[in-house]
file upload.cif (mmCIF, C-alpha atoms)
data_query
#
loop_
_atom_site.label_atom_id
_atom_site.label_comp_id
_atom_site.auth_asym_id
_atom_site.auth_seq_id
_atom_site.Cartn_x
_atom_site.Cartn_y
_atom_site.Cartn_z
CA MET A 4 199.71 -25.24 181.00
CA LEU A 5 196.28 -24.43 179.57
CA PRO A 6 196.34 -22.09 176.55
CA ILE A 7 194.60 -18.80 177.28
CA GLU A 8 194.14 -15.74 175.15
CA LYS A 9 195.12 -12.95 177.52
CA VAL A 10 193.18 -9.74 177.85
CA ASN A 11 195.69 -7.23 176.56
CA PRO A 12 195.70 -3.49 175.88
CA ARG A 13 195.11 -4.12 172.19
CA SER A 14 191.84 -6.03 172.71
CA PHE A 15 190.60 -3.36 175.12
CA ILE A 16 191.46 -0.44 172.81
CA THR A 17 190.07 -2.21 169.73
CA ALA A 18 186.77 -2.92 171.50
CA TYR A 19 186.44 0.69 172.66
CA LEU A 20 187.28 2.25 169.29
CA GLU A 21 184.90 -0.10 167.46
CA ARG A 22 182.07 0.92 169.82
CA THR A 23 182.73 4.59 169.01
CA GLY A 24 182.34 3.87 165.30
CA ALA A 25 186.02 4.13 164.38
CA VAL A 26 187.24 2.32 161.25
CA LEU A 27 190.21 0.10 162.06
CA GLY A 28 192.82 -1.37 159.77
CA GLU A 29 196.06 -3.32 160.09
CA ALA A 30 198.99 -1.11 159.11
CA GLY A 31 201.62 -3.76 159.76
CA TYR A 32 202.79 -6.15 162.45
CA GLU A 33 201.40 -4.92 165.81
CA LEU A 34 200.50 -1.64 164.10
CA LEU A 35 196.88 -0.47 164.04
CA GLU A 36 195.44 2.43 162.07
CA ALA A 37 192.21 4.03 163.29
CA LEU A 38 190.01 6.47 161.38
CA LEU A 39 188.10 8.30 164.12
CA PRO A 40 184.47 9.45 163.99
CA GLU A 41 183.67 13.14 164.41
CA GLY A 42 183.14 14.49 167.90
CA LEU A 43 184.94 11.71 169.77
CA PRO A 44 185.79 13.07 173.25
CA SER A 45 189.45 14.11 173.68
CA PHE A 46 190.15 13.44 169.98
CA LYS A 47 188.18 16.34 168.44
CA ASP A 48 191.14 17.67 166.45
CA GLN A 49 192.34 14.24 165.30
CA GLU A 50 191.01 12.23 162.39
CA GLU A 51 193.47 9.35 162.51
CA LEU A 52 195.51 7.43 165.07
CA LEU A 53 198.44 5.09 164.48
CA LEU A 54 198.95 2.75 167.41
CA ALA A 55 201.92 0.45 168.01
CA PHE A 56 201.64 -2.49 170.43
CA ASP A 57 205.27 -3.59 170.24
CA TYR A 58 208.29 -1.59 171.42
CA GLU A 59 210.48 -2.27 168.37
CA VAL A 60 207.59 -1.48 166.02
CA ALA A 61 207.08 1.83 167.85
CA GLN A 62 210.79 2.61 167.44
CA GLU A 63 210.54 1.96 163.69
CA ASN A 64 207.39 4.14 163.42
CA PRO A 65 208.06 7.33 165.43
CA GLU A 66 204.72 8.81 164.35
CA ALA A 67 202.88 5.95 166.13
CA ILE A 68 201.68 5.99 169.76
CA PHE A 69 203.24 3.15 171.74
CA VAL A 70 200.56 1.43 173.83
CA THR A 71 201.38 -0.82 176.77
CA TYR A 72 200.36 -1.26 180.40
CA GLY A 73 201.02 1.92 182.33
CA SER A 74 201.20 4.15 179.25
CA LEU A 75 199.49 7.54 179.44
CA PHE A 76 197.47 6.77 176.31
CA LEU A 77 196.04 3.55 177.79
CA ASP A 78 195.13 5.33 181.04
CA ARG A 79 193.48 8.11 179.05
CA LEU A 80 191.47 5.70 176.91
CA ALA A 81 190.44 3.59 179.92
CA GLU A 82 189.09 6.77 181.53
CA LEU A 83 187.17 7.65 178.35
CA ALA A 84 185.77 4.12 178.09
CA THR A 85 184.06 4.51 181.46
CA GLY A 86 182.00 7.33 180.01
CA TYR A 87 181.12 5.65 176.75
CA GLY A 88 179.31 2.46 175.82
CA ARG A 89 178.68 -0.34 178.30
CA TYR A 90 179.30 1.57 181.49
CA THR A 91 177.05 1.88 184.55
CA VAL A 92 177.36 3.64 187.90
CA LEU A 93 175.55 2.36 191.00
CA TYR A 94 175.49 3.97 194.44
CA GLY A 95 175.19 2.34 197.82
CA PRO A 96 173.49 3.97 200.86
CA GLU A 97 175.42 6.15 203.27
CA GLY A 98 175.30 3.87 206.31
CA SER A 99 175.76 4.98 209.90
CA VAL A 100 179.06 6.33 211.26
CA LYS A 101 180.44 4.37 214.21
CA GLN A 102 181.27 5.92 217.55
CA THR A 103 184.94 6.55 218.36
CA GLU A 104 184.99 4.22 221.39
CA TRP A 105 183.44 1.39 219.39
CA LEU A 106 185.95 1.90 216.56
CA GLU A 107 188.92 1.78 218.95
CA GLN A 108 187.67 -1.55 220.35
CA GLU A 109 187.08 -2.93 216.85
CA ILE A 110 190.58 -1.90 215.74
CA LEU A 111 192.06 -3.68 218.76
CA LYS A 112 190.23 -6.87 217.75
CA GLU A 113 191.02 -6.75 214.03
CA ILE A 114 194.47 -5.14 213.69
CA GLU A 115 197.64 -5.80 215.65
CA PHE A 116 200.17 -2.98 215.95
CA ARG A 117 203.27 -4.70 217.30
CA HIS A 118 205.70 -3.00 219.69
CA CYS A 119 203.27 -0.08 220.14
CA ARG A 120 200.85 1.32 222.65
CA LEU A 121 197.14 1.00 222.00
CA PRO A 122 195.96 3.02 218.97
CA LYS A 123 193.87 6.13 219.58
CA VAL A 124 191.33 7.56 217.12
CA ILE A 125 192.11 11.25 216.60
CA HIS A 126 189.98 11.99 213.54
CA LYS A 127 187.36 10.33 211.33
CA TRP A 128 185.61 11.41 208.15
CA LEU A 129 183.66 10.00 205.19
CA GLU A 130 184.79 9.89 201.56
CA GLY A 131 183.11 8.49 198.46
CA HIS A 132 184.97 5.43 197.15
CA THR A 133 184.75 3.57 193.85
CA LEU A 134 184.97 -0.18 193.41
CA ARG A 135 185.23 -0.90 189.69
CA GLY A 136 183.59 -4.06 188.40
CA PHE A 137 185.08 -5.53 185.21
CA TYR A 138 182.87 -8.14 183.57
CA PHE A 139 184.67 -10.49 181.20
CA ARG A 140 183.15 -12.99 178.78
CA ALA A 141 185.18 -16.18 179.10
CA VAL A 142 184.76 -18.58 176.17
CA PHE A 143 185.95 -22.14 176.85
CA SER A 144 186.44 -24.08 173.61
CA SER A 145 186.89 -27.85 173.52
CA TYR A 146 184.74 -30.63 172.00
CA GLU A 147 181.97 -28.15 172.82
CA LYS A 148 181.95 -24.40 173.54
CA THR A 149 180.92 -22.92 176.89
CA GLU A 150 180.68 -19.25 177.80
CA GLU A 151 180.67 -17.70 181.27
CA LEU A 152 180.67 -14.17 182.66
CA LEU A 153 183.48 -13.47 185.13
CA GLU A 154 182.95 -10.64 187.63
CA ILE A 155 186.17 -9.02 188.83
CA VAL A 156 185.75 -6.12 191.25
CA VAL A 157 188.83 -4.02 191.99
CA ASP A 158 189.10 -1.48 194.81
CA GLY A 159 189.92 1.89 193.24
CA TYR A 160 191.64 3.05 196.45
CA THR A 161 194.00 0.09 196.96
CA GLY A 162 194.09 -1.57 193.54
CA LEU A 163 193.24 -4.92 195.16
CA VAL A 164 190.62 -7.40 193.97
CA VAL A 165 187.60 -7.61 196.32
CA PRO A 166 186.84 -11.37 196.37
CA ASP A 167 183.73 -11.25 198.59
CA PHE A 168 182.12 -8.22 196.94
CA THR A 169 178.87 -9.94 195.93
CA VAL A 170 178.40 -11.32 199.46
CA TRP A 171 177.86 -7.91 201.06
CA TRP A 172 176.87 -5.77 198.06
CA GLY A 173 174.05 -8.24 197.39
CA LYS A 174 172.40 -7.08 200.63
CA VAL A 175 172.51 -3.42 199.55
CA MET A 176 169.71 -1.51 197.83
CA ALA A 177 171.75 0.16 195.09
CA VAL A 178 170.48 3.18 193.16
CA GLU A 179 171.60 5.17 190.11
CA GLU A 180 171.61 8.52 191.95
CA PRO A 181 173.48 9.05 195.24
CA PHE A 182 171.75 9.97 198.50
CA TRP A 183 174.98 11.50 199.74
CA GLN A 184 177.41 14.24 198.75
CA LEU A 185 180.98 13.43 199.79
CA PRO A 186 184.50 14.29 198.63
CA ARG A 187 185.88 11.68 196.24
CA ALA A 188 188.60 9.43 197.61
CA LYS A 189 191.86 9.18 195.69
CA SER A 190 191.87 6.48 193.03
CA ILE A 191 194.51 4.45 191.22
CA SER A 192 194.77 5.04 187.45
CA PRO A 193 192.18 3.22 185.28
CA GLY A 194 194.94 1.42 183.40
CA LYS A 195 196.33 -0.14 186.58
CA LEU A 196 192.85 -1.16 187.73
CA TYR A 197 192.26 -2.81 184.36
CA GLN A 198 195.61 -4.60 184.58
CA ALA A 199 194.76 -5.97 188.05
CA ALA A 200 191.36 -7.15 186.74
CA CYS A 201 193.03 -8.88 183.77
CA ARG A 202 195.40 -10.81 186.03
CA GLU A 203 192.53 -12.01 188.20
CA ALA A 204 190.33 -12.85 185.19
CA GLU A 205 193.11 -14.96 183.67
CA LYS A 206 193.60 -16.78 187.01
CA GLN A 207 189.87 -17.51 187.39
CA ALA A 208 189.55 -18.58 183.75
CA LYS A 209 192.38 -21.10 184.15
CA GLU A 210 190.73 -22.51 187.30
CA ARG A 211 187.42 -22.92 185.46
CA ALA A 212 189.21 -24.49 182.48
CA LEU A 213 190.73 -27.11 184.79
CA VAL A 214 187.24 -28.00 186.00
CA PHE A 215 186.01 -28.43 182.42
CA GLN A 216 189.10 -30.48 181.62
CA TYR A 217 188.42 -32.78 184.57
CA GLN A 218 184.76 -33.17 183.58
CA SER A 219 185.75 -34.23 180.03
CA LYS A 220 188.45 -36.61 181.24
CA GLU A 221 186.18 -39.67 181.26
CA ARG A 222 184.80 -38.92 177.80
CA LEU A 223 188.33 -38.50 176.44
CA LYS A 224 189.40 -41.79 178.04
CA LYS A 225 186.52 -43.65 176.37
CA GLU A 226 187.41 -42.20 172.97
CA LEU A 227 191.12 -43.04 173.38
CA ASP A 228 190.24 -46.59 174.50
CA LYS A 229 188.03 -47.00 171.43
CA VAL A 230 190.77 -45.73 169.09
CA SER A 231 193.41 -47.85 170.80
CA GLY A 232 191.23 -50.99 170.72
CA TYR A 233 190.53 -50.61 167.02
CA TYR A 234 194.19 -50.23 166.03
CA ILE A 235 195.43 -52.91 168.43
CA GLN A 236 193.08 -55.35 166.69
CA MET A 237 194.37 -54.29 163.24
CA SER A 238 198.00 -54.59 164.38
CA ARG A 239 197.36 -58.05 165.83
CA GLU A 240 195.91 -59.28 162.53
CA ILE A 241 198.91 -57.96 160.58
CA LYS A 242 201.38 -59.49 163.06
CA ASN A 243 199.62 -62.86 162.76
CA LYS A 244 199.99 -62.69 158.97
CA LEU A 245 203.68 -61.83 159.39
CA LYS A 246 204.19 -64.94 161.50
CA ALA A 247 202.41 -67.07 158.92
CA THR A 248 204.55 -66.12 155.90
CA GLU A 249 208.20 -66.46 154.94
CA GLU A 250 207.93 -64.58 151.63
CA LYS A 251 210.20 -61.52 151.74
CA ASP A 252 208.05 -59.28 149.51
CA LYS A 253 204.93 -60.08 151.47
CA ARG A 254 206.69 -59.54 154.80
CA ASP A 255 207.96 -56.16 153.57
CA ARG A 256 204.45 -55.12 152.54
CA LEU A 257 203.00 -56.24 155.88
CA ALA A 258 205.78 -54.45 157.81
CA LYS A 259 205.01 -51.21 155.97
CA LYS A 260 201.29 -51.69 156.61
CA LEU A 261 201.98 -52.26 160.33
CA ALA A 262 204.04 -49.04 160.51
CA ALA A 263 201.24 -47.15 158.71
CA VAL A 264 198.65 -48.50 161.16
CA GLU A 265 200.79 -47.37 164.10
CA GLU A 266 201.26 -43.93 162.53
CA GLU A 267 197.52 -43.63 161.95
CA ARG A 268 196.82 -44.66 165.55
CA GLN A 269 199.13 -41.95 166.89
CA ARG A 270 197.51 -39.35 164.62
CA ARG A 271 193.99 -40.30 165.75
CA GLU A 272 195.02 -40.16 169.42
CA LYS A 273 196.65 -36.75 168.88
CA ASP A 274 193.45 -35.49 167.17
CA ALA A 275 191.37 -36.66 170.13
CA LEU A 276 193.70 -35.00 172.65
CA GLU A 277 193.60 -31.71 170.71
CA ARG A 278 189.81 -31.87 170.39
CA TYR A 279 189.42 -32.23 174.16
CA ALA A 280 192.08 -29.64 175.04
CA ILE A 281 190.62 -26.53 176.67
CA GLU A 282 191.33 -23.16 175.06
CA VAL A 283 190.15 -19.97 176.75
CA ALA A 284 189.45 -16.56 175.24
CA LEU A 285 188.68 -13.54 177.43
CA HIS A 286 186.86 -10.40 176.27
CA LEU A 287 185.89 -7.37 178.36
CA ASP A 288 182.09 -7.12 178.13
CA HIS A 289 181.15 -4.17 180.35
CA ILE A 290 182.16 -2.09 183.38
CA VAL A 291 180.20 -1.10 186.49
CA ASP A 292 181.41 1.46 189.00
CA TYR A 293 180.08 0.78 192.50
CA ARG A 294 180.25 3.94 194.58
CA LEU A 295 179.97 3.84 198.34
CA PRO A 296 180.97 5.87 201.37
CA ARG A 297 183.79 4.56 203.53
CA LEU A 298 184.88 5.87 206.87
CA HIS A 299 188.48 7.04 207.13
CA VAL A 300 189.81 6.61 210.66
CA LYS A 301 193.05 8.41 211.51
CA LEU A 302 195.00 6.80 214.34
CA GLU A 303 197.72 8.04 216.63
CA ILE A 304 200.01 5.27 217.87
CA GLN A 305 202.96 5.60 220.23
CA HIS A 306 206.12 3.63 219.46
CA LYS A 307 208.88 4.25 222.01
CA LYS A 308 209.04 8.07 222.19
CA GLN A 309 207.56 8.55 218.72
CA LEU A 310 203.96 9.38 217.88
CA LEU A 311 203.05 7.80 214.53
CA ASN A 312 199.92 8.31 212.45
CA THR A 313 198.17 5.97 210.07
CA THR A 314 194.71 5.78 208.55
CA VAL A 315 192.47 2.72 208.31
CA LEU A 316 189.17 2.31 206.46
CA TYR A 317 185.84 1.08 207.75
CA ASN A 318 183.39 -0.30 205.19
CA LEU A 319 179.96 0.87 206.35
CA LEU A 320 178.09 -1.47 203.97
CA ALA A 321 180.11 -4.62 204.72
CA HIS A 322 180.23 -3.68 208.46
CA ARG A 323 183.93 -4.33 208.81
CA LEU A 324 187.35 -2.77 209.05
CA GLU A 325 189.38 -3.15 205.86
CA ALA A 326 192.78 -4.71 206.41
CA PRO A 327 195.50 -2.04 205.95
CA VAL A 328 197.69 -2.34 202.86
CA CYS A 329 201.45 -2.58 203.36
CA PRO A 330 203.17 0.31 201.49
CA LEU A 331 206.11 -1.92 200.54
CA CYS A 332 204.46 -5.01 199.05
CA GLY A 333 200.91 -3.78 198.44
CA HIS A 334 199.35 -6.74 200.28
CA PRO A 335 196.71 -6.37 203.01
CA SER A 336 197.85 -7.29 206.50
CA GLN A 337 196.12 -7.39 209.89
CA CYS A 338 199.48 -7.17 211.63
CA LEU A 339 201.69 -4.08 211.30
CA LEU A 340 205.07 -2.99 212.63
CA PRO A 341 206.55 0.50 212.84
CA ASP A 342 209.14 1.36 210.20
CA ASP A 343 211.41 3.71 212.15
CA GLN A 344 213.15 5.07 209.08
CA GLU A 345 209.99 6.17 207.23
CA ASN A 346 207.57 6.90 210.10
CA ARG A 347 205.04 4.43 208.74
CA PHE A 348 203.72 0.91 209.35
CA ILE A 349 204.69 -2.15 207.32
CA CYS A 350 203.71 -5.83 207.42
CA PRO A 351 205.87 -8.42 209.30
CA ARG A 352 207.37 -9.96 206.16
CA HIS A 353 209.58 -6.86 205.82
#

call {"tool": "encode", "arguments": {"input": "upload.cif", "output": "structure tokens"}}
result
Amino acid sequence: MLPIEKVNPRSFITAYLERTGAVLGEAGYELLEALLPEGLPSFKDQEELLLAFDYEVAQENPEAIFVTYGSLFLDRLAELATGYGRYTVLYGPEGSVKQTEWLEQEILKEIEFRHCRLPKVIHKWLEGHTLRGFYFRAVFSSYEKTEELLEIVVDGYTGLVVPDFTVWWGKVMAVEEPFWQLPRAKSISPGKLYQAACREAEKQAKERALVFQYQSKERLKKELDKVSGYYIQMSREIKNKLKATEEKDKRDRLAKKLAAVEEERQRREKDALERYAIEVALHLDHIVDYRLPRLHVKLEIQHKKQLLNTTVLYNLLAHRLEAPVCPLCGHPSQCLLPDDQENRFICPRH
């Protein structure tokens, strides 16, 4: 397993507070004290914060705020961070709304509703959606240091990573002021979006680290061969001397020298392996909110004697239907089945 410094709530909060001008100090194990600057949004009446990043530490310090994934404080700070520091908002164009008949045909091609009659569009409307781009600096340290910027874009509506975002957004003329006025679509909490981005960033960083490790494999092999060759030659010379003498004292000295040479060889090989090992550190660099209109398409679907409703999304900028997300597992699926007990649609794995 490649060592990787995970992006955790502490690194995120520390980076945000430092950008605001707060003075930070260690107050103990996993305990951070922050002296806040004047006029910091949402903290106007507070001069100090005591933050605990470990459950037991929080229990021992009841005056501290316990910070972990999903905590209200982390969500609150993540929301504030989007309005402060390295944060940008870009808007995509409105796009053209598709005709109902065309949508029904497209849905038939892209989504399978098993054990049901053909879906019928009964309503459609536009809402403004946010895809949040988290940009992480990934530092790969080995015999040399390499730095890359990882772009992780998470859909604010579904909480899912959008892997092909740059493919279709790259064809869009984005602007800093919207051409459209639309109601805002519901969005998952900032903390959960950040957590999803961290998981994906760690996965991508490990994949890149494996590439670097493979590229350095030949160089490492040459260094190990050189070390091994040098000490094999030394050991051979000592062994030849051992064969040539019968004196006990001399044999003892040579045996100790041989053991020392072997110990030194192992140490040098271990040093080489550690020098070529890949360590990864991730740091959140900046955030970009990409705002775009998406078409909500409400469907009526008959299953036996029941009429069920569900809503699918059409991405006007990518020119495609978005695969519906299963309410049970949270994964997108282009095949859905009616869940008779809950009057909803779920993916086949359930």

call {"tool": "resolve_selection", "arguments": {"input": "upload.cif", "expression": "the PyMOL selection byres ((chain A and resi 155) around 8)", "output": "list in words"}}
result
Gly136, Phe137, Tyr138, Phe139, Leu153, Glu154, Val156, Val157, Val164, Val165, Pro166, Ala200, Glu203 and Ala204 of chain A

call {"tool": "closest_residue", "arguments": {"input": "upload.cif", "among": "A:Ile114, A:Cys332, A:Leu83, A:Ala61", "to": "Ile16 in chain A", "atoms": "all atoms listed in the file"}}
result
A:Leu83

call {"tool": "closest_residue", "arguments": {"input": "upload.cif", "among": "A:Glu21, A:Glu150, A:Glu265, A:Glu325", "to": "Arg239 in chain A", "atoms": "all atoms listed in the file"}}
result
A:Glu265

call {"tool": "residues_around", "arguments": {"input": "upload.cif", "residues": "range 29-35 of chain A", "least_positions_apart": "6", "cutoff": "6 Å", "atoms": "all atoms listed in the file", "output": "VMD selection string"}}
result
chain A and resid 53 to 56

call {"tool": "axis_aligned_box", "arguments": {"input": "upload.cif", "around": "range 283-286 of chain A", "padding_each_side": "3 Å", "output": "lines of an AutoDock Vina configuration file"}}
result
center_x = 188.5
center_y = -15.2
center_z = 176.3
size_x = 9.3
size_y = 15.6
size_z = 8.2

call {"tool": "resolve_selection", "arguments": {"input": "upload.cif", "expression": "the PyMOL selection byres ((chain A and resi 216-230) around 10)", "output": "list in words"}}
result
Leu5, Ser145, Tyr146, Glu210, Arg211, Ala212, Leu213, Val214, Phe215, Ser231, Gly232, Tyr233, Tyr234, Ile235, Arg268, Gln269, Arg271, Glu272, Lys273, Ala275, Leu276, Arg278, Tyr279, Ala280 and Ile281 of chain A

call {"tool": "resolve_selection", "arguments": {"input": "upload.cif", "expression": "the PyMOL selection byres ((chain A and resi 94-107) around 9)", "output": "PDB file with C-alpha atoms, in the frame of the given file"}}
result
ATOM      1  CA  VAL A  92     177.360   3.640 187.900  1.00  0.00           C
ATOM      2  CA  LEU A  93     175.550   2.360 191.000  1.00  0.00           C
ATOM      3  CA  GLN A 108     187.670  -1.550 220.350  1.00  0.00           C
ATOM      4  CA  GLU A 109     187.080  -2.930 216.850  1.00  0.00           C
ATOM      5  CA  ILE A 110     190.580  -1.900 215.740  1.00  0.00           C
ATOM      6  CA  LEU A 111     192.060  -3.680 218.760  1.00  0.00           C
ATOM      7  CA  LYS A 112     190.230  -6.870 217.750  1.00  0.00           C
ATOM      8  CA  LEU A 121     197.140   1.000 222.000  1.00  0.00           C
ATOM      9  CA  PRO A 122     195.960   3.020 218.970  1.00  0.00           C
ATOM     10  CA  LYS A 123     193.870   6.130 219.580  1.00  0.00           C
ATOM     11  CA  VAL A 124     191.330   7.560 217.120  1.00  0.00           C
ATOM     12  CA  ILE A 125     192.110  11.250 216.600  1.00  0.00           C
ATOM     13  CA  HIS A 126     189.980  11.990 213.540  1.00  0.00           C
ATOM     14  CA  LYS A 127     187.360  10.330 211.330  1.00  0.00           C
ATOM     15  CA  TRP A 128     185.610  11.410 208.150  1.00  0.00           C
ATOM     16  CA  LEU A 129     183.660  10.000 205.190  1.00  0.00           C
ATOM     17  CA  TRP A 172     176.870  -5.770 198.060  1.00  0.00           C
ATOM     18  CA  VAL A 175     172.510  -3.420 199.550  1.00  0.00           C
ATOM     19  CA  MET A 176     169.710  -1.510 197.830  1.00  0.00           C
ATOM     20  CA  ALA A 177     171.750   0.160 195.090  1.00  0.00           C
ATOM     21  CA  VAL A 178     170.480   3.180 193.160  1.00  0.00           C
ATOM     22  CA  GLU A 179     171.600   5.170 190.110  1.00  0.00           C
ATOM     23  CA  GLU A 180     171.610   8.520 191.950  1.00  0.00           C
ATOM     24  CA  PRO A 181     173.480   9.050 195.240  1.00  0.00           C
ATOM     25  CA  PHE A 182     171.750   9.970 198.500  1.00  0.00           C
ATOM     26  CA  TRP A 183     174.980  11.500 199.740  1.00  0.00           C
ATOM     27  CA  ASP A 292     181.410   1.460 189.000  1.00  0.00           C
ATOM     28  CA  TYR A 293     180.080   0.780 192.500  1.00  0.00           C
ATOM     29  CA  ARG A 294     180.250   3.940 194.580  1.00  0.00           C
ATOM     30  CA  LEU A 295     179.970   3.840 198.340  1.00  0.00           C
ATOM     31  CA  PRO A 296     180.970   5.870 201.370  1.00  0.00           C
ATOM     32  CA  ARG A 297     183.790   4.560 203.530  1.00  0.00           C
ATOM     33  CA  LEU A 298     184.880   5.870 206.870  1.00  0.00           C
ATOM     34  CA  VAL A 300     189.810   6.610 210.660  1.00  0.00           C
ATOM     35  CA  TYR A 317     185.840   1.080 207.750  1.00  0.00           C
ATOM     36  CA  LEU A 319     179.960   0.870 206.350  1.00  0.00           C
ATOM     37  CA  LEU A 320     178.090  -1.470 203.970  1.00  0.00           C
ATOM     38  CA  LEU A 324     187.350  -2.770 209.050  1.00  0.00           C
TER      39      LEU A 324
END

call {"tool": "atom_distance", "arguments": {"input": "upload.cif", "atom1": "CA of Cys338 in chain A", "atom2": "CA of His118 in chain A"}}
result
11.0 Å

call {"tool": "atom_distance", "arguments": {"input": "upload.cif", "atom1": "CA of Ser336 in chain A", "atom2": "CA of Ala188 in chain A"}}
result
21.1 Å
